[in-house]
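Reading through the structure tokens given below for one structure.
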Amino acid sequence: MHIGLHDSDQTGFPNLALMKISAWHKAQGDTVEWWAPMFPFDRVYSSKVFTFTPECAYLPPDTIKGGTGYGIYEELPEEIDAMEPDYSIYPECDHAIGFLTRGCIRRCPWCVVPKKEGAIRQYRTWQEIKRPDRRDIVFMDNNVLACAHGIEQMRSMVGQNVRIDFNQGLDARLITPEIAKLLSNLRWIRFIRMSCDTDAMLDVVIRAIRMLEECGVKPYRVFVYLLVQDIASAERRAIALREVGAEVFAQPYRDFENNMEPTKEMKAFARWVNHKAIFNSVRTFAEYDTHKHAVVCDS
Ligand code: SF4
């Protein structure tokens, strides 16, 4: 069979589901290529992670679609999920990706994970995910610290020739002095990430940053995702985290259920925070907004 793969999002980040589908079809003796509208394929798979990615109008009507972006939450069939990812379809990817755990213990109202993945559970070991010829692993776990298996896996990576990233962030509420010590003993690709999505989380995140600092991790090595809904709240959190020296990254809220775009104000706020030179020199969002309007009116 001639199989076509379509990665709707084109983020540059490899799509794990498509890599597993590719591996499974190649194991059946099929030919697998990226889908292109002018060529015939026996079967086409399209994955879409983000709801805001526009749907491709040219895909064949019988395309097999998957991913949160299509509103489809089903997991891959077991035999496909069991495959090792086919990294050859993303030749620029120089690390392994995968999950140690699936699911989450929490039910944050803005998040699709509880609906999509359910309760936290053990999934893979780091040795199963690591590529034999690469030392970097990007884990996409949603709440690895909430699972004993996840913590055990992290312990077993200490002293190994691996550098890691948990790109969905760690749950700051679960960082204790003992966990901070463990995190400080691991080798990180660049950042230890966590999220500060509400005012209530601010003290918790700052406490976690302090615990890490006591174990020798500088605050600038901590990357904090900041959900932006209420601007005043997001600004309080952004400024407080900048003061402790963390790397802050603002993410405007997108309503996945109703497919609603963030407001212009949320996008402007994210531009202020995420442009590091501006964020570090323009102290408040009001100052940034005033300056931006002055530039537009003068030009
Ligand atoms: S802790 Fe993270 S993954 Fe879990 S429900 Fe909340 S936002 Fe989603």
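Here's how to read the names in the structure tokens: chain A, B, ... by the order shown, residue numbers from 1 in each chain, ligand numbers from 1 in the order shown.
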Check your understanding: Which polymer residues have any atom within 7 Å of an atom of A:Lys48, counting only C-alpha atoms, with same-chain residues fewer than 4 positions away left out, as a PyMOL selection string?
Key -> chain A and resi 7-9+66-70
Once you count only C-alpha atoms and all ligand atoms, what closest atom pair and distance in Å to one decimal does each residue of chain A within 12 Å of ligand 1 have, with rows by chain and rising residue number, as CSV?
residue,atom,partner,partner_atom_place_in_ligand_line,distance
A:Thr101,CA,ligand 1,3 (S),11.4
A:Arg102,CA,ligand 1,3 (S),9.6
A:Gly103,CA,ligand 1,3 (S),7.3
A:Cys104,CA,ligand 1,4 (Fe),4.7
A:Ile105,CA,ligand 1,4 (Fe),6.3
A:Arg106,CA,ligand 1,5 (S),4.5
A:Arg107,CA,ligand 1,5 (S),4.2
A:Cys108,CA,ligand 1,6 (Fe),4.2
A:Pro109,CA,ligand 1,5 (S),7.4
A:Trp110,CA,ligand 1,7 (S),7.0
A:Cys111,CA,ligand 1,8 (Fe),4.6
A:Val112,CA,ligand 1,8 (Fe),6.5
A:Val113,CA,ligand 1,8 (Fe),5.2
A:Pro114,CA,ligand 1,5 (S),5.7
A:Lys115,CA,ligand 1,5 (S),9.0
A:Lys116,CA,ligand 1,8 (Fe),10.0
A:Glu117,CA,ligand 1,3 (S),9.4
A:Gly118,CA,ligand 1,5 (S),9.5
A:Ala119,CA,ligand 1,4 (Fe),9.6
A:Ile120,CA,ligand 1,4 (Fe),9.2
A:Met140,CA,ligand 1,3 (S),10.2
A:Asp141,CA,ligand 1,3 (S),8.2
A:Asn142,CA,ligand 1,3 (S),4.5
A:Asn143,CA,ligand 1,3 (S),5.9
A:Val144,CA,ligand 1,3 (S),9.6
A:Leu145,CA,ligand 1,1 (S),10.4
A:Ala146,CA,ligand 1,1 (S),9.4
A:Asn167,CA,ligand 1,2 (Fe),11.5
A:Gln168,CA,ligand 1,2 (Fe),7.8
A:Gly169,CA,ligand 1,2 (Fe),7.9
A:Leu170,CA,ligand 1,2 (Fe),8.3
A:Asp171,CA,ligand 1,1 (S),6.4
A:Ala172,CA,ligand 1,1 (S),9.5
A:Arg173,CA,ligand 1,1 (S),9.5
A:Leu174,CA,ligand 1,1 (S),10.5
A:Arg193,CA,ligand 1,2 (Fe),11.9
A:Met194,CA,ligand 1,2 (Fe),9.4
A:Ser195,CA,ligand 1,2 (Fe),8.0
A:Cys196,CA,ligand 1,7 (S),9.8
A:Asp197,CA,ligand 1,7 (S),8.3
A:Thr198,CA,ligand 1,7 (S),10.8
A:Met201,CA,ligand 1,1 (S),11.3
A:Tyr225,CA,ligand 1,7 (S),10.6
A:Leu226,CA,ligand 1,7 (S),11.2
A:Leu227,CA,ligand 1,7 (S),9.7
A:Tyr253,CA,ligand 1,7 (S),11.8
- Run DSSP on the backbone of this structure and report the residues of stretch 105-203 of chain A it assigns to strand (DSSP E), as a PyMOL selection string. chain A and resi 121-122+136-139+163-166+192-195
Take the residues from that selection and put them in a file with C-alpha atoms, as a PDB file, in the first residue's frame.
ATOM      1  CA  ARG A 121      -0.874   5.826  34.883  1.00  0.00           C
ATOM      2  CA  GLN A 122       2.482   4.309  34.049  1.00  0.00           C
ATOM      3  CA  ASP A 136      18.555  13.942  24.614  1.00  0.00           C
ATOM      4  CA  ILE A 137      14.987  12.949  25.500  1.00  0.00           C
ATOM      5  CA  VAL A 138      12.016  15.305  25.419  1.00  0.00           C
ATOM      6  CA  PHE A 139       9.253  13.904  27.600  1.00  0.00           C
ATOM      7  CA  ARG A 163      19.795  15.061  29.053  1.00  0.00           C
ATOM      8  CA  ILE A 164      16.107  15.626  29.518  1.00  0.00           C
ATOM      9  CA  ASP A 165      13.269  18.082  29.140  1.00  0.00           C
ATOM     10  CA  PHE A 166       9.671  17.785  30.320  1.00  0.00           C
ATOM     11  CA  ILE A 192      13.220  22.840  34.219  1.00  0.00           C
ATOM     12  CA  ARG A 193       9.688  23.846  33.256  1.00  0.00           C
ATOM     13  CA  MET A 194       6.547  24.434  35.298  1.00  0.00           C
ATOM     14  CA  SER A 195       3.293  26.358  34.921  1.00  0.00           C
TER      15      SER A 195
END
- Query: How many Å lie between atom CA of A:Tyr87 and atom CA of A:Thr31, rounded to one decimal?
  - Reply: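 Atom CA of A:Thr31 lies at a distance of 15.3 Å from atom CA of A:Tyr87.
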Can you tell me, as a PyMOL selection string, which residues in stretch 2-239 of chain A count as alpha helix (DSSP H) by DSSP? chain A and resi 16-27+78-81+113-117+126-129+148-157+177-185+199-214+231-239
Exercise: A:Ser156 partners within 10 Å, only C-alpha atoms, chain neighbours under 2 positions left out, as a PyMOL selection string:
chain A and resi 125-127+150-154+158-160+186
Using only C-alpha atoms, the best pick from A:Ser47, A:Phe249, A:Phe269, A:Ile206 as closest to A:Ala232 would be A:Phe269
Check the smallest atom-to-atom distance from each of A:Leu16, A:Leu100, A:Arg124, A:Asp30 to A:Ile80 using only C-alpha atoms, then report the winner.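 Closest to A:Ile80, using only C-alpha atoms: A:Leu16.
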12 Å contact set for A:His25, only C-alpha atoms, chain neighbours under 6 positions out, as a ChimeraX atom specification = /A:1-5,18-19,31-33,42-45,79-80,83-86
Include C-alpha atoms and write out the residues we just selected as an mmCIF file, in the first residue's frame.
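To be explicit, this is the file written out as part.cif:
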data_model
loop_
_atom_site.group_PDB
_atom_site.id
_atom_site.type_symbol
_atom_site.label_atom_id
_atom_site.label_comp_id
_atom_site.auth_asym_id
_atom_site.auth_seq_id
_atom_site.Cartn_x
_atom_site.Cartn_y
_atom_site.Cartn_z
ATOM 1 C CA MET A 1 0.000 0.000 0.000
ATOM 2 C CA HIS A 2 1.038 3.580 -0.578
ATOM 3 C CA ILE A 3 0.492 5.568 2.618
ATOM 4 C CA GLY A 4 0.340 9.385 2.835
ATOM 5 C CA LEU A 5 0.981 11.231 6.101
ATOM 6 C CA LEU A 18 2.501 9.964 12.752
ATOM 7 C CA MET A 19 5.934 8.509 13.521
ATOM 8 C CA THR A 31 5.518 2.639 1.329
ATOM 9 C CA VAL A 32 5.125 5.730 3.491
ATOM 10 C CA GLU A 33 5.531 9.322 2.284
ATOM 11 C CA ASP A 42 -4.151 4.192 -0.921
ATOM 12 C CA ARG A 43 -4.635 5.621 2.553
ATOM 13 C CA VAL A 44 -4.016 9.044 4.092
ATOM 14 C CA TYR A 45 -3.584 9.853 7.786
ATOM 15 C CA GLU A 79 -0.535 -2.449 17.884
ATOM 16 C CA ILE A 80 0.411 0.945 16.396
ATOM 17 C CA MET A 83 5.735 0.653 17.697
ATOM 18 C CA GLU A 84 9.001 2.527 18.105
ATOM 19 C CA PRO A 85 8.636 5.901 16.408
ATOM 20 C CA ASP A 86 9.987 6.234 12.879
#
Which one of A:Asp199, A:Glu75, A:Leu212, A:Trp35 sits closest to A:Ala180 if you count only C-alpha atoms?
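The closest residue to A:Ala180 is A:Leu212.
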